[in-house]
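Everything on this sheet refers to the single structure shown next.
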Amino acid sequence: MNYWLLKSEPNTFSIDDLKKLPRQTDHWDGIRNYQARNFIRDDMQLNDLALFYHSNCTQPGVVGIVQIVREAYPDYTASDPRSPYFDPKNSADNPRWYMVDVKFKRKLSRIITLKELKQHSELVTMSLLKRGNRLSIMPVTTKEWRFILSLE
DNA sequence: GCCAACGTTGGC
DNA sequence: GCCAACGTTGGC
């Protein structure tokens with residue numbers, strides 16, 4: 001059982017967008033960073049839980065919790081020329097990019113903002129808060145997970 | 001919109 | 001394998 005943080009731009013795909021889907025489940029496509037790819041392909045397991053984080057918006061922060069309901073499989077948008085995530089170097093028999101399926105679990109009772117997270121010494125080692133970290137998927141330790149949710 | 005901090009690309 | 005140029009991320 002691992003914990004994760006998934007970034008999404010709410011203008012593109014918000015926690016409410018996920019919640020509104022018929023099965024409240026969607027594939028997490030468009031990961032085009034090798035480190036993030038390795039996390040989901042090698043380490044992410046069925047039933048893992050993840051913080052849903054809104055980035056690049058007026059109030060960046062943790063807004064909810066989702067669950068991994070399907071482990072990594074090839075990201076088909078990489079071989080779709082019409083997709084913004086199309087990668088001409090991807091090949092079907094040796095897929096370069098992967099995605100997982102995530103299911104909405106719940107929204108937090110309030111947004112735990114980036115600003116707030118930065119104020120706690122317990123979280124200074126958190127990947128999200130390290131300087132210049134732009135990974136869209138990162139692991140969260142059990143300690144960090146519990147601490148963040150205790151702020152709710 | 002700015003820009004720092006990255007990651008990737010490609011010439012050499 | 002080096003590294004300059006370029007593209008992207010994401011807070012502000």
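Chain labels run A, B, ... following the order of the structure tokens; each chain numbers its residues from 1, and ligands are numbered from 1 in the order shown.
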Per DSSP on the backbone, what are the alpha helix (DSSP H) residues of chain A, as JSON, numbers by chain?
{"A": [15, 16, 17, 18, 19, 20, 34, 35, 36, 37, 38, 114, 115, 116, 117, 142, 143, 144, 145, 146, 147, 148, 149, 150]}
Per residue of chain B within 10 Å of chain A, record the nearest atom pair and its distance in Å to one decimal, counting only C-alpha atoms (C1' of nucleotides), with rows in chain order and ascending residue number, as CSV.
residue,atom,partner,partner_atom,distance
B:DA4,C1',A:Gly132,CA,8.0
B:DA5,C1',A:Gly132,CA,5.1
B:DC6,C1',A:Gly132,CA,6.7
B:DG7,C1',A:Asn33,CA,8.1
B:DT8,C1',A:Asn33,CA,9.8
For C:DC3, work out the shell of residues within 12 Å, counting only C-alpha atoms (C1' of nucleotides) and skipping chain neighbours fewer than 2 positions away, then give it as a CSV table (one decimal) with all heavy atoms, in the first residue's frame.
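The resulting file, selection-v9.csv, is reproduced below:
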chain,number,residue,atom,x,y,z
B,9,DT,P,13.2,14.3,-25.9
B,9,DT,OP1,12.0,13.9,-26.6
B,9,DT,OP2,14.1,13.3,-25.4
B,9,DT,O5',14.0,15.3,-26.8
B,9,DT,C5',13.5,16.6,-27.2
B,9,DT,C4',14.5,17.4,-28.0
B,9,DT,O4',15.5,17.9,-27.1
B,9,DT,C3',15.3,16.5,-29.0
B,9,DT,O3',15.1,17.2,-30.3
B,9,DT,C2',16.7,16.5,-28.5
B,9,DT,C1',16.8,17.8,-27.7
B,9,DT,N1,17.7,17.7,-26.5
B,9,DT,C2,18.5,18.8,-26.3
B,9,DT,O2,18.5,19.8,-27.1
B,9,DT,N3,19.3,18.7,-25.2
B,9,DT,C4,19.4,17.7,-24.3
B,9,DT,O4,20.1,17.8,-23.3
B,9,DT,C5,18.5,16.6,-24.6
B,9,DT,C7,18.5,15.4,-23.6
B,9,DT,C6,17.7,16.7,-25.6
B,10,DG,P,15.4,16.4,-31.6
B,10,DG,OP1,14.4,16.9,-32.6
B,10,DG,OP2,15.6,15.0,-31.4
B,10,DG,O5',16.8,17.0,-32.0
B,10,DG,C5',17.0,18.4,-32.0
B,10,DG,C4',18.5,18.7,-32.1
B,10,DG,O4',19.2,18.5,-30.8
B,10,DG,C3',19.3,17.7,-33.0
B,10,DG,O3',20.3,18.4,-33.7
B,10,DG,C2',19.9,16.7,-32.1
B,10,DG,C1',20.2,17.7,-30.9
B,10,DG,N9,20.5,17.0,-29.6
B,10,DG,C8,20.0,15.8,-29.2
B,10,DG,N7,20.4,15.5,-28.0
B,10,DG,C5,21.2,16.6,-27.6
B,10,DG,C6,21.9,16.9,-26.4
B,10,DG,O6,21.9,16.2,-25.4
B,10,DG,N1,22.6,18.1,-26.5
B,10,DG,C2,22.6,18.9,-27.5
B,10,DG,N2,23.3,20.1,-27.4
B,10,DG,N3,21.9,18.7,-28.7
B,10,DG,C4,21.2,17.5,-28.6
B,11,DG,P,20.7,18.0,-35.2
B,11,DG,OP1,19.6,18.4,-36.1
B,11,DG,OP2,21.1,16.6,-35.1
B,11,DG,O5',22.0,19.0,-35.4
B,11,DG,C5',21.9,20.3,-34.9
B,11,DG,C4',23.3,20.7,-34.3
B,11,DG,O4',23.4,20.1,-33.0
B,11,DG,C3',24.5,20.2,-35.1
B,11,DG,O3',25.4,21.3,-35.2
B,11,DG,C2',25.0,19.0,-34.3
B,11,DG,C1',24.6,19.4,-32.9
B,11,DG,N9,24.4,18.3,-32.0
B,11,DG,C8,23.6,17.2,-32.2
B,11,DG,N7,23.5,16.4,-31.2
B,11,DG,C5,24.4,17.0,-30.3
B,11,DG,C6,24.7,16.5,-29.0
B,11,DG,O6,24.3,15.5,-28.4
B,11,DG,N1,25.5,17.4,-28.3
B,11,DG,C2,26.0,18.6,-28.9
B,11,DG,N2,26.8,19.3,-28.1
B,11,DG,N3,25.7,19.0,-30.1
B,11,DG,C4,24.9,18.1,-30.7
B,12,DC,P,26.6,21.2,-36.3
B,12,DC,OP1,26.9,22.7,-36.6
B,12,DC,OP2,26.2,20.3,-37.3
B,12,DC,O5',27.8,20.6,-35.4
B,12,DC,C5',28.4,21.4,-34.4
B,12,DC,C4',29.2,20.5,-33.5
B,12,DC,O4',28.4,19.6,-32.8
B,12,DC,C3',30.1,19.5,-34.3
B,12,DC,O3',31.3,20.2,-34.6
B,12,DC,C2',30.3,18.4,-33.3
B,12,DC,C1',29.2,18.6,-32.3
B,12,DC,N1,28.4,17.4,-32.1
B,12,DC,C2,28.4,16.7,-30.8
B,12,DC,O2,29.1,17.2,-30.0
B,12,DC,N3,27.7,15.6,-30.7
B,12,DC,C4,26.9,15.1,-31.6
B,12,DC,N4,26.2,14.1,-31.4
B,12,DC,C5,26.8,15.8,-32.9
B,12,DC,C6,27.6,16.9,-33.1
C,1,DG,P,28.2,8.5,-22.0
C,1,DG,OP1,28.9,7.2,-21.5
C,1,DG,OP2,27.4,9.3,-21.1
C,1,DG,O5',29.3,9.3,-22.7
C,1,DG,C5',30.5,9.8,-22.0
C,1,DG,C4',30.6,11.3,-22.2
C,1,DG,O4',30.2,11.6,-23.6
C,1,DG,C3',29.7,12.2,-21.4
C,1,DG,O3',30.4,13.3,-20.9
C,1,DG,C2',28.5,12.5,-22.3
C,1,DG,C1',29.2,12.7,-23.6
C,1,DG,N9,28.4,12.4,-24.8
C,1,DG,C8,27.5,11.4,-25.0
C,1,DG,N7,26.8,11.5,-26.2
C,1,DG,C5,27.4,12.7,-26.7
C,1,DG,C6,27.1,13.3,-28.0
C,1,DG,O6,26.3,12.9,-28.9
C,1,DG,N1,27.9,14.4,-28.2
C,1,DG,C2,28.8,14.9,-27.3
C,1,DG,N2,29.4,16.0,-27.7
C,1,DG,N3,29.1,14.3,-26.1
C,1,DG,C4,28.3,13.2,-25.9
C,5,DA,P,23.0,29.3,-26.9
C,5,DA,OP1,23.4,30.2,-28.0
C,5,DA,OP2,22.9,29.8,-25.5
C,5,DA,O5',21.7,28.6,-27.3
C,5,DA,C5',21.7,27.8,-28.4
C,5,DA,C4',20.3,27.1,-28.5
C,5,DA,O4',20.2,26.1,-27.6
C,5,DA,C3',19.1,28.1,-28.3
C,5,DA,O3',18.2,27.9,-29.3
C,5,DA,C2',18.6,27.6,-26.9
C,5,DA,C1',19.0,26.2,-26.9
C,5,DA,N9,19.2,25.6,-25.5
C,5,DA,C8,19.9,26.2,-24.5
C,5,DA,N7,19.9,25.5,-23.4
C,5,DA,C5,19.2,24.3,-23.7
C,5,DA,C6,18.9,23.2,-23.0
C,5,DA,N6,19.2,22.9,-21.8
C,5,DA,N1,18.2,22.2,-23.7
C,5,DA,C2,17.8,22.4,-24.9
C,5,DA,N3,18.0,23.5,-25.7
C,5,DA,C4,18.7,24.4,-25.0
DSSP strand (DSSP E) residues within stretch 56-139 of chain A, as a VMD selection string:
chain A and resid 61 to 74 98 to 113 137 to 139
Give me the residues near stretch 54-58 of chain A as a PyMOL selection string, where near means some atom within 7 Å (using only C-alpha atoms (C1' of nucleotides)) and where sequence neighbours in that chain fewer than 3 positions away do not count.
(chain A and resi 7-10+61-63) or (chain C and resi 10)
All heavy atoms of the current selection, written as a PDB file, in the first residue's frame:
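Dumped everything to again_0.pdb:
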ATOM      1  N   LYS A   7      -1.058  15.672  -9.368  1.00  0.00           N
ATOM      2  CA  LYS A   7      -1.350  17.060  -9.713  1.00  0.00           C
ATOM      3  C   LYS A   7      -2.263  17.123 -10.923  1.00  0.00           C
ATOM      4  O   LYS A   7      -2.096  16.376 -11.880  1.00  0.00           O
ATOM      5  CB  LYS A   7      -0.058  17.785 -10.097  1.00  0.00           C
ATOM      6  CG  LYS A   7       0.800  18.225  -8.950  1.00  0.00           C
ATOM      7  CD  LYS A   7       1.946  19.045  -9.511  1.00  0.00           C
ATOM      8  CE  LYS A   7       3.059  19.190  -8.495  1.00  0.00           C
ATOM      9  NZ  LYS A   7       4.251  19.797  -9.104  1.00  0.00           N
ATOM     10  N   SER A   8      -3.184  18.058 -10.873  1.00  0.00           N
ATOM     11  CA  SER A   8      -3.995  18.321 -12.048  1.00  0.00           C
ATOM     12  C   SER A   8      -4.364  19.792 -12.061  1.00  0.00           C
ATOM     13  O   SER A   8      -4.572  20.392 -11.013  1.00  0.00           O
ATOM     14  CB  SER A   8      -5.262  17.461 -12.016  1.00  0.00           C
ATOM     15  OG  SER A   8      -5.967  17.595 -13.226  1.00  0.00           O
ATOM     16  N   GLU A   9      -4.428  20.351 -13.256  1.00  0.00           N
ATOM     17  CA  GLU A   9      -4.860  21.735 -13.361  1.00  0.00           C
ATOM     18  C   GLU A   9      -6.382  21.738 -13.413  1.00  0.00           C
ATOM     19  O   GLU A   9      -6.962  21.166 -14.334  1.00  0.00           O
ATOM     20  CB  GLU A   9      -4.274  22.377 -14.623  1.00  0.00           C
ATOM     21  CG  GLU A   9      -2.757  22.336 -14.634  1.00  0.00           C
ATOM     22  CD  GLU A   9      -2.164  23.206 -15.750  1.00  0.00           C
ATOM     23  OE1 GLU A   9      -2.919  23.991 -16.346  1.00  0.00           O
ATOM     24  OE2 GLU A   9      -0.947  23.081 -16.002  1.00  0.00           O
ATOM     25  N   PRO A  10      -7.011  22.382 -12.435  1.00  0.00           N
ATOM     26  CA  PRO A  10      -8.480  22.325 -12.377  1.00  0.00           C
ATOM     27  C   PRO A  10      -9.157  22.905 -13.611  1.00  0.00           C
ATOM     28  O   PRO A  10     -10.274  22.513 -13.932  1.00  0.00           O
ATOM     29  CB  PRO A  10      -8.819  23.131 -11.115  1.00  0.00           C
ATOM     30  CG  PRO A  10      -7.590  23.917 -10.791  1.00  0.00           C
ATOM     31  CD  PRO A  10      -6.435  23.147 -11.332  1.00  0.00           C
ATOM     32  N   GLY A  61      -3.569  23.536  -4.059  1.00  0.00           N
ATOM     33  CA  GLY A  61      -3.615  22.788  -2.818  1.00  0.00           C
ATOM     34  C   GLY A  61      -4.267  21.430  -2.983  1.00  0.00           C
ATOM     35  O   GLY A  61      -4.715  21.065  -4.071  1.00  0.00           O
ATOM     36  N   VAL A  62      -4.297  20.689  -1.867  1.00  0.00           N
ATOM     37  CA  VAL A  62      -4.899  19.357  -1.853  1.00  0.00           C
ATOM     38  C   VAL A  62      -6.405  19.497  -1.681  1.00  0.00           C
ATOM     39  O   VAL A  62      -6.865  20.183  -0.771  1.00  0.00           O
ATOM     40  CB  VAL A  62      -4.320  18.514  -0.700  1.00  0.00           C
ATOM     41  CG1 VAL A  62      -5.009  17.150  -0.638  1.00  0.00           C
ATOM     42  CG2 VAL A  62      -2.816  18.331  -0.874  1.00  0.00           C
ATOM     43  N   VAL A  63      -7.155  18.865  -2.580  1.00  0.00           N
ATOM     44  CA  VAL A  63      -8.609  19.040  -2.560  1.00  0.00           C
ATOM     45  C   VAL A  63      -9.385  17.746  -2.314  1.00  0.00           C
ATOM     46  O   VAL A  63     -10.579  17.797  -2.015  1.00  0.00           O
ATOM     47  CB  VAL A  63      -9.121  19.667  -3.874  1.00  0.00           C
ATOM     48  CG1 VAL A  63      -8.635  21.106  -3.990  1.00  0.00           C
ATOM     49  CG2 VAL A  63      -8.681  18.850  -5.074  1.00  0.00           C
TER      50      VAL A  63
ATOM     51  P    DG C  10       3.314  21.086 -12.701  1.00  0.00           P
ATOM     52  OP1  DG C  10       3.715  20.068 -11.736  1.00  0.00           O
ATOM     53  OP2  DG C  10       2.075  20.968 -13.488  1.00  0.00           O
ATOM     54  O5'  DG C  10       3.277  22.476 -11.945  1.00  0.00           O
ATOM     55  C5'  DG C  10       4.373  22.852 -11.125  1.00  0.00           C
ATOM     56  C4'  DG C  10       4.180  24.274 -10.735  1.00  0.00           C
ATOM     57  O4'  DG C  10       4.535  25.139 -11.836  1.00  0.00           O
ATOM     58  C3'  DG C  10       2.738  24.667 -10.362  1.00  0.00           C
ATOM     59  O3'  DG C  10       2.789  25.439  -9.194  1.00  0.00           O
ATOM     60  C2'  DG C  10       2.277  25.508 -11.530  1.00  0.00           C
ATOM     61  C1'  DG C  10       3.582  26.177 -11.892  1.00  0.00           C
ATOM     62  N9   DG C  10       3.631  26.805 -13.195  1.00  0.00           N
ATOM     63  C8   DG C  10       2.848  26.561 -14.291  1.00  0.00           C
ATOM     64  N7   DG C  10       3.142  27.324 -15.313  1.00  0.00           N
ATOM     65  C5   DG C  10       4.178  28.134 -14.854  1.00  0.00           C
ATOM     66  C6   DG C  10       4.906  29.151 -15.507  1.00  0.00           C
ATOM     67  O6   DG C  10       4.771  29.570 -16.663  1.00  0.00           O
ATOM     68  N1   DG C  10       5.884  29.698 -14.679  1.00  0.00           N
ATOM     69  C2   DG C  10       6.116  29.324 -13.381  1.00  0.00           C
ATOM     70  N2   DG C  10       7.088  29.958 -12.726  1.00  0.00           N
ATOM     71  N3   DG C  10       5.432  28.360 -12.757  1.00  0.00           N
ATOM     72  C4   DG C  10       4.492  27.823 -13.547  1.00  0.00           C
TER      73       DG C  10
END
Skip A:Arg110 itself and residues of its chain fewer than 4 positions away, then list as a list in words all residues within 12 Å of it, counting only C-alpha atoms (C1' of nucleotides).
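My list of contacting residues is Gln59, Gly61, Val62, Val63, Gly64, Arg106, Glu116, Ile148, Leu149, Leu151 and Glu152 of chain A.
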Selection to disk with all heavy atoms, as a PDB file, in the first residue's frame:
ATOM      1  N   GLN A  59      -5.952  28.927  -6.217  1.00  0.00           N
ATOM      2  CA  GLN A  59      -5.661  28.366  -4.894  1.00  0.00           C
ATOM      3  C   GLN A  59      -5.090  26.960  -5.009  1.00  0.00           C
ATOM      4  O   GLN A  59      -5.811  25.967  -4.844  1.00  0.00           O
ATOM      5  CB  GLN A  59      -6.938  28.342  -4.051  1.00  0.00           C
ATOM      6  CG  GLN A  59      -6.822  29.191  -2.811  1.00  0.00           C
ATOM      7  CD  GLN A  59      -7.968  28.959  -1.838  1.00  0.00           C
ATOM      8  OE1 GLN A  59      -9.034  28.462  -2.194  1.00  0.00           O
ATOM      9  NE2 GLN A  59      -7.742  29.320  -0.593  1.00  0.00           N
ATOM     10  N   GLY A  61      -3.569  23.536  -4.059  1.00  0.00           N
ATOM     11  CA  GLY A  61      -3.615  22.788  -2.818  1.00  0.00           C
ATOM     12  C   GLY A  61      -4.267  21.430  -2.983  1.00  0.00           C
ATOM     13  O   GLY A  61      -4.715  21.065  -4.071  1.00  0.00           O
ATOM     14  N   VAL A  62      -4.297  20.689  -1.867  1.00  0.00           N
ATOM     15  CA  VAL A  62      -4.899  19.357  -1.853  1.00  0.00           C
ATOM     16  C   VAL A  62      -6.405  19.497  -1.681  1.00  0.00           C
ATOM     17  O   VAL A  62      -6.865  20.183  -0.771  1.00  0.00           O
ATOM     18  CB  VAL A  62      -4.320  18.514  -0.700  1.00  0.00           C
ATOM     19  CG1 VAL A  62      -5.009  17.150  -0.638  1.00  0.00           C
ATOM     20  CG2 VAL A  62      -2.816  18.331  -0.874  1.00  0.00           C
ATOM     21  N   VAL A  63      -7.155  18.865  -2.580  1.00  0.00           N
ATOM     22  CA  VAL A  63      -8.609  19.040  -2.560  1.00  0.00           C
ATOM     23  C   VAL A  63      -9.385  17.746  -2.314  1.00  0.00           C
ATOM     24  O   VAL A  63     -10.579  17.797  -2.015  1.00  0.00           O
ATOM     25  CB  VAL A  63      -9.121  19.667  -3.874  1.00  0.00           C
ATOM     26  CG1 VAL A  63      -8.635  21.106  -3.990  1.00  0.00           C
ATOM     27  CG2 VAL A  63      -8.681  18.850  -5.074  1.00  0.00           C
ATOM     28  N   GLY A  64      -8.726  16.593  -2.455  1.00  0.00           N
ATOM     29  CA  GLY A  64      -9.489  15.362  -2.280  1.00  0.00           C
ATOM     30  C   GLY A  64      -8.619  14.129  -2.302  1.00  0.00           C
ATOM     31  O   GLY A  64      -7.382  14.217  -2.347  1.00  0.00           O
ATOM     32  N   ARG A 106     -13.228  10.857  -2.120  1.00  0.00           N
ATOM     33  CA  ARG A 106     -13.967  11.923  -1.449  1.00  0.00           C
ATOM     34  C   ARG A 106     -13.255  13.250  -1.619  1.00  0.00           C
ATOM     35  O   ARG A 106     -12.055  13.283  -1.914  1.00  0.00           O
ATOM     36  CB  ARG A 106     -14.128  11.624   0.044  1.00  0.00           C
ATOM     37  CG  ARG A 106     -12.836  11.682   0.852  1.00  0.00           C
ATOM     38  CD  ARG A 106     -13.140  11.399   2.318  1.00  0.00           C
ATOM     39  NE  ARG A 106     -11.936  11.453   3.153  1.00  0.00           N
ATOM     40  CZ  ARG A 106     -11.519  12.570   3.772  1.00  0.00           C
ATOM     41  NH1 ARG A 106     -12.182  13.704   3.632  1.00  0.00           N
ATOM     42  NH2 ARG A 106     -10.420  12.557   4.511  1.00  0.00           N
ATOM     43  N   GLU A 116      -0.549  26.734   3.134  1.00  0.00           N
ATOM     44  CA  GLU A 116      -0.681  26.145   4.465  1.00  0.00           C
ATOM     45  C   GLU A 116       0.314  25.000   4.662  1.00  0.00           C
ATOM     46  O   GLU A 116       0.943  24.884   5.708  1.00  0.00           O
ATOM     47  CB  GLU A 116      -2.116  25.646   4.646  1.00  0.00           C
ATOM     48  CG  GLU A 116      -2.364  25.064   6.027  1.00  0.00           C
ATOM     49  CD  GLU A 116      -3.818  24.629   6.226  1.00  0.00           C
ATOM     50  OE1 GLU A 116      -4.661  24.926   5.353  1.00  0.00           O
ATOM     51  OE2 GLU A 116      -4.090  23.988   7.253  1.00  0.00           O
ATOM     52  N   ILE A 148      -1.054  15.465   6.772  1.00  0.00           N
ATOM     53  CA  ILE A 148      -1.846  16.350   5.908  1.00  0.00           C
ATOM     54  C   ILE A 148      -3.339  16.183   6.183  1.00  0.00           C
ATOM     55  O   ILE A 148      -4.079  17.157   6.302  1.00  0.00           O
ATOM     56  CB  ILE A 148      -1.526  16.077   4.421  1.00  0.00           C
ATOM     57  CG1 ILE A 148      -0.103  16.548   4.114  1.00  0.00           C
ATOM     58  CG2 ILE A 148      -2.518  16.771   3.509  1.00  0.00           C
ATOM     59  CD1 ILE A 148       0.430  16.085   2.774  1.00  0.00           C
ATOM     60  N   LEU A 149      -3.761  14.914   6.328  1.00  0.00           N
ATOM     61  CA  LEU A 149      -5.192  14.700   6.562  1.00  0.00           C
ATOM     62  C   LEU A 149      -5.604  15.138   7.967  1.00  0.00           C
ATOM     63  O   LEU A 149      -6.776  15.441   8.206  1.00  0.00           O
ATOM     64  CB  LEU A 149      -5.553  13.234   6.312  1.00  0.00           C
ATOM     65  CG  LEU A 149      -5.436  12.830   4.839  1.00  0.00           C
ATOM     66  CD1 LEU A 149      -5.851  11.386   4.641  1.00  0.00           C
ATOM     67  CD2 LEU A 149      -6.264  13.746   3.941  1.00  0.00           C
ATOM     68  N   LEU A 151      -4.808  17.837   9.173  1.00  0.00           N
ATOM     69  CA  LEU A 151      -5.049  19.278   9.081  1.00  0.00           C
ATOM     70  C   LEU A 151      -6.482  19.582   8.681  1.00  0.00           C
ATOM     71  O   LEU A 151      -6.979  20.681   8.874  1.00  0.00           O
ATOM     72  CB  LEU A 151      -4.110  19.913   8.044  1.00  0.00           C
ATOM     73  CG  LEU A 151      -2.620  19.800   8.311  1.00  0.00           C
ATOM     74  CD1 LEU A 151      -1.835  20.313   7.115  1.00  0.00           C
ATOM     75  CD2 LEU A 151      -2.241  20.567   9.568  1.00  0.00           C
ATOM     76  N   GLU A 152      -7.129  18.585   8.096  1.00  0.00           N
ATOM     77  CA  GLU A 152      -8.469  18.792   7.581  1.00  0.00           C
ATOM     78  C   GLU A 152      -9.426  19.113   8.726  1.00  0.00           C
ATOM     79  O   GLU A 152     -10.279  19.947   8.614  1.00  0.00           O
ATOM     80  CB  GLU A 152      -8.929  17.521   6.847  1.00  0.00           C
ATOM     81  CG  GLU A 152     -10.265  17.688   6.157  1.00  0.00           C
ATOM     82  CD  GLU A 152     -10.777  16.365   5.583  1.00  0.00           C
ATOM     83  OE1 GLU A 152     -10.138  15.322   5.818  1.00  0.00           O
ATOM     84  OE2 GLU A 152     -11.811  16.387   4.904  1.00  0.00           O
TER      85      GLU A 152
END
Leaving out A:Tyr85 and any residue of its chain fewer than 5 positions from it, which residues lie within 7 Å of it when counting only C-alpha atoms (C1' of nucleotides), given as a list in words?
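Neighbouring residues, sequence-local ones excluded: Gly30, Thr77 and Ala78 of chain A.
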May I ask for the distance between atom CA of A:Ser121 and atom CA of A:Leu49, given in Å to one decimal place?
23.4 Å
Using atom CA of A:Val100 and atom CA of A:Arg41 as the two end points, give the distance in Å to one decimal.
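Straight-line distance from atom CA of A:Val100 to atom CA of A:Arg41 works out to 8.5 Å.
Atom pair atom CA of A:Trp4 / atom CA of A:Leu51 has a distance of 6.2 Å (rounded to one decimal).
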Can you tell me which residues surround A:Pro95 at a distance of at most 10 Å, considering only C-alpha atoms (C1' of nucleotides), apart from same-chain residues fewer than 3 positions away, and format the answer as an NGL selection string?
:A and (73-76 or 78-79 or 89-92 or 98)
Go ahead and dump the residues you just picked, all heavy atoms, as a short mmCIF file (atom, residue, chain, number, x, y, z; two decimals), in the first residue's frame.
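And here is the file that came out, out-v2.cif:
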data_model
loop_
_atom_site.label_atom_id
_atom_site.label_comp_id
_atom_site.auth_asym_id
_atom_site.auth_seq_id
_atom_site.Cartn_x
_atom_site.Cartn_y
_atom_site.Cartn_z
N TYR A 73 -1.00 0.69 -17.51
CA TYR A 73 -1.15 0.09 -18.84
C TYR A 73 -0.82 1.16 -19.87
O TYR A 73 -0.82 2.35 -19.53
CB TYR A 73 -2.55 -0.50 -19.04
CG TYR A 73 -3.71 0.48 -18.90
CD1 TYR A 73 -4.38 0.96 -20.02
CD2 TYR A 73 -4.13 0.92 -17.64
CE1 TYR A 73 -5.45 1.84 -19.89
CE2 TYR A 73 -5.20 1.81 -17.50
CZ TYR A 73 -5.85 2.27 -18.62
OH TYR A 73 -6.90 3.15 -18.51
N PRO A 74 -0.49 0.76 -21.10
CA PRO A 74 -0.01 1.74 -22.07
C PRO A 74 -0.98 2.90 -22.28
O PRO A 74 -2.19 2.69 -22.40
CB PRO A 74 0.15 0.91 -23.36
CG PRO A 74 0.41 -0.47 -22.86
CD PRO A 74 -0.43 -0.62 -21.61
N ASP A 75 -0.44 4.09 -22.32
CA ASP A 75 -1.22 5.31 -22.55
C ASP A 75 -1.49 5.45 -24.04
O ASP A 75 -0.61 5.80 -24.81
CB ASP A 75 -0.44 6.51 -22.02
CG ASP A 75 -1.21 7.82 -22.17
OD1 ASP A 75 -2.16 7.87 -22.97
OD2 ASP A 75 -0.83 8.79 -21.48
N TYR A 76 -2.73 5.16 -24.43
CA TYR A 76 -3.04 5.12 -25.86
C TYR A 76 -3.02 6.51 -26.51
O TYR A 76 -2.94 6.63 -27.72
CB TYR A 76 -4.38 4.42 -26.12
CG TYR A 76 -5.54 4.98 -25.34
CD1 TYR A 76 -6.16 6.15 -25.73
CD2 TYR A 76 -6.03 4.32 -24.21
CE1 TYR A 76 -7.23 6.67 -25.03
CE2 TYR A 76 -7.11 4.83 -23.48
CZ TYR A 76 -7.70 6.01 -23.89
OH TYR A 76 -8.75 6.52 -23.18
N ALA A 78 -0.67 8.39 -26.52
CA ALA A 78 0.67 8.57 -27.08
C ALA A 78 0.74 8.16 -28.54
O ALA A 78 1.60 8.61 -29.29
CB ALA A 78 1.69 7.78 -26.26
N SER A 79 -0.18 7.28 -28.96
CA SER A 79 -0.16 6.83 -30.36
C SER A 79 -1.33 7.39 -31.16
O SER A 79 -1.63 6.92 -32.25
CB SER A 79 -0.17 5.29 -30.41
OG SER A 79 -1.17 4.76 -29.58
N LYS A 89 7.48 9.30 -31.15
CA LYS A 89 8.52 8.30 -30.88
C LYS A 89 7.99 7.08 -30.14
O LYS A 89 8.72 6.13 -29.89
CB LYS A 89 9.65 8.94 -30.07
CG LYS A 89 10.45 9.94 -30.88
CD LYS A 89 11.53 10.59 -30.05
CE LYS A 89 12.29 11.63 -30.86
NZ LYS A 89 13.14 12.46 -30.00
N ASN A 90 6.73 7.15 -29.77
CA ASN A 90 6.13 6.01 -29.10
C ASN A 90 5.87 4.89 -30.12
O ASN A 90 5.52 5.15 -31.26
CB ASN A 90 4.80 6.43 -28.47
CG ASN A 90 4.17 5.32 -27.65
OD1 ASN A 90 4.73 4.90 -26.65
ND2 ASN A 90 3.04 4.83 -28.10
N SER A 91 6.05 3.66 -29.71
CA SER A 91 5.70 2.55 -30.58
C SER A 91 4.80 1.58 -29.83
O SER A 91 4.95 1.37 -28.63
CB SER A 91 6.95 1.81 -31.07
OG SER A 91 7.47 0.99 -30.06
N ALA A 92 3.84 1.01 -30.56
CA ALA A 92 2.82 0.19 -29.92
C ALA A 92 3.39 -1.06 -29.26
O ALA A 92 2.94 -1.48 -28.20
CB ALA A 92 1.75 -0.20 -30.94
N TYR A 98 2.71 5.34 -19.90
CA TYR A 98 1.70 4.54 -19.23
C TYR A 98 0.70 5.43 -18.50
O TYR A 98 0.95 6.59 -18.22
CB TYR A 98 2.36 3.59 -18.22
CG TYR A 98 3.10 2.45 -18.88
CD1 TYR A 98 4.36 2.64 -19.43
CD2 TYR A 98 2.51 1.20 -19.00
CE1 TYR A 98 5.03 1.61 -20.07
CE2 TYR A 98 3.16 0.16 -19.63
CZ TYR A 98 4.43 0.37 -20.16
OH TYR A 98 5.08 -0.65 -20.78
#
